[in-house]
Structure formats: C-alpha cells, structure tokens
Amino acid sequence: MSVHTAKGHVEMIIAKFEASDRTHAAVKALRLGLA
C-alpha cells in the first residue's frame with residue numbers, strides 16, 4: 001500500500017467518525033469498542 005493510499009484511508013476514517021484528527025478518531029473507536 002502506498003503512502004498516498006494510506007493517507008486517503010485515514011482521511012476517510014476521520015470523516016466517518018466525524019473526528020477532528022487521527023487521535024480523536026482513535027479515541028472514538030476505543031469508546032465504541034472497535035479498537
């Protein structure tokens with residue numbers, strides 16, 4: 001997987017969680033039991 005692809009996936013995850021950044025998305029995932 002290229003860096004460009006990985007960044008795209010991360011951006012989609014952040015948008016899906018309505019998070020402000022990667023850390024916020026990770027916290028939301030933990031709270032939902034997804035991580």
# chains A, B, ... in the order shown; residues from 1 in each chain; ligands from 1
>>> residues_around(residues="segment 25-32 of chain A", least_positions_apart="5", cutoff="9 Å", atoms="only C-alpha atoms", output="list in words")
Ile13, Ile14, Ala15, Lys16, Phe17, Glu18, Ala19 and Ser20 of chain A
>>> select_by_dssp(residues="chain A", states="alpha helix (DSSP H)", output="PyMOL selection string")
chain A and resi 3-16+22-31
>>> decode(residues="chain A", atoms="C-alpha atoms", output="PDB file, in the first residue's frame")
ATOM      1  CA  MET A   1       0.000   0.000   0.000  1.00  0.00           C
ATOM      2  CA  SER A   2       1.371   3.399  -0.930  1.00  0.00           C
ATOM      3  CA  VAL A   3       1.629   6.341   1.447  1.00  0.00           C
ATOM      4  CA  HIS A   4      -0.945   8.165  -0.675  1.00  0.00           C
ATOM      5  CA  THR A   5      -3.429   5.285  -0.304  1.00  0.00           C
ATOM      6  CA  ALA A   6      -2.864   5.057   3.448  1.00  0.00           C
ATOM      7  CA  LYS A   7      -3.419   8.795   3.885  1.00  0.00           C
ATOM      8  CA  GLY A   8      -6.646   8.523   1.898  1.00  0.00           C
ATOM      9  CA  HIS A   9      -7.900   5.702   4.108  1.00  0.00           C
ATOM     10  CA  VAL A  10      -7.046   7.645   7.270  1.00  0.00           C
ATOM     11  CA  GLU A  11      -8.882  10.716   5.968  1.00  0.00           C
ATOM     12  CA  MET A  12     -11.980   8.596   5.235  1.00  0.00           C
ATOM     13  CA  ILE A  13     -11.893   7.093   8.740  1.00  0.00           C
ATOM     14  CA  ILE A  14     -11.586  10.554  10.299  1.00  0.00           C
ATOM     15  CA  ALA A  15     -14.562  11.749   8.246  1.00  0.00           C
ATOM     16  CA  LYS A  16     -16.611   8.650   9.103  1.00  0.00           C
ATOM     17  CA  PHE A  17     -16.084   9.229  12.836  1.00  0.00           C
ATOM     18  CA  GLU A  18     -16.680  12.976  12.435  1.00  0.00           C
ATOM     19  CA  ALA A  19     -13.356  13.446  14.218  1.00  0.00           C
ATOM     20  CA  SER A  20     -11.015  16.425  14.093  1.00  0.00           C
ATOM     21  CA  ASP A  21      -7.818  14.366  13.727  1.00  0.00           C
ATOM     22  CA  ARG A  22      -6.357  10.845  13.937  1.00  0.00           C
ATOM     23  CA  THR A  23      -6.147  10.917  17.722  1.00  0.00           C
ATOM     24  CA  HIS A  24      -9.789  11.941  18.057  1.00  0.00           C
ATOM     25  CA  ALA A  25     -10.790   9.148  15.645  1.00  0.00           C
ATOM     26  CA  ALA A  26      -8.786   6.619  17.684  1.00  0.00           C
ATOM     27  CA  VAL A  27     -10.453   7.726  20.923  1.00  0.00           C
ATOM     28  CA  LYS A  28     -13.891   7.394  19.325  1.00  0.00           C
ATOM     29  CA  ALA A  29     -13.006   3.913  18.037  1.00  0.00           C
ATOM     30  CA  LEU A  30     -11.872   2.852  21.515  1.00  0.00           C
ATOM     31  CA  ARG A  31     -15.067   4.166  23.094  1.00  0.00           C
ATOM     32  CA  LEU A  32     -17.118   2.195  20.565  1.00  0.00           C
ATOM     33  CA  GLY A  33     -15.110  -0.968  21.218  1.00  0.00           C
ATOM     34  CA  LEU A  34     -13.702  -1.035  17.680  1.00  0.00           C
ATOM     35  CA  ALA A  35     -10.033  -0.997  18.670  1.00  0.00           C
TER      36      ALA A  35
END
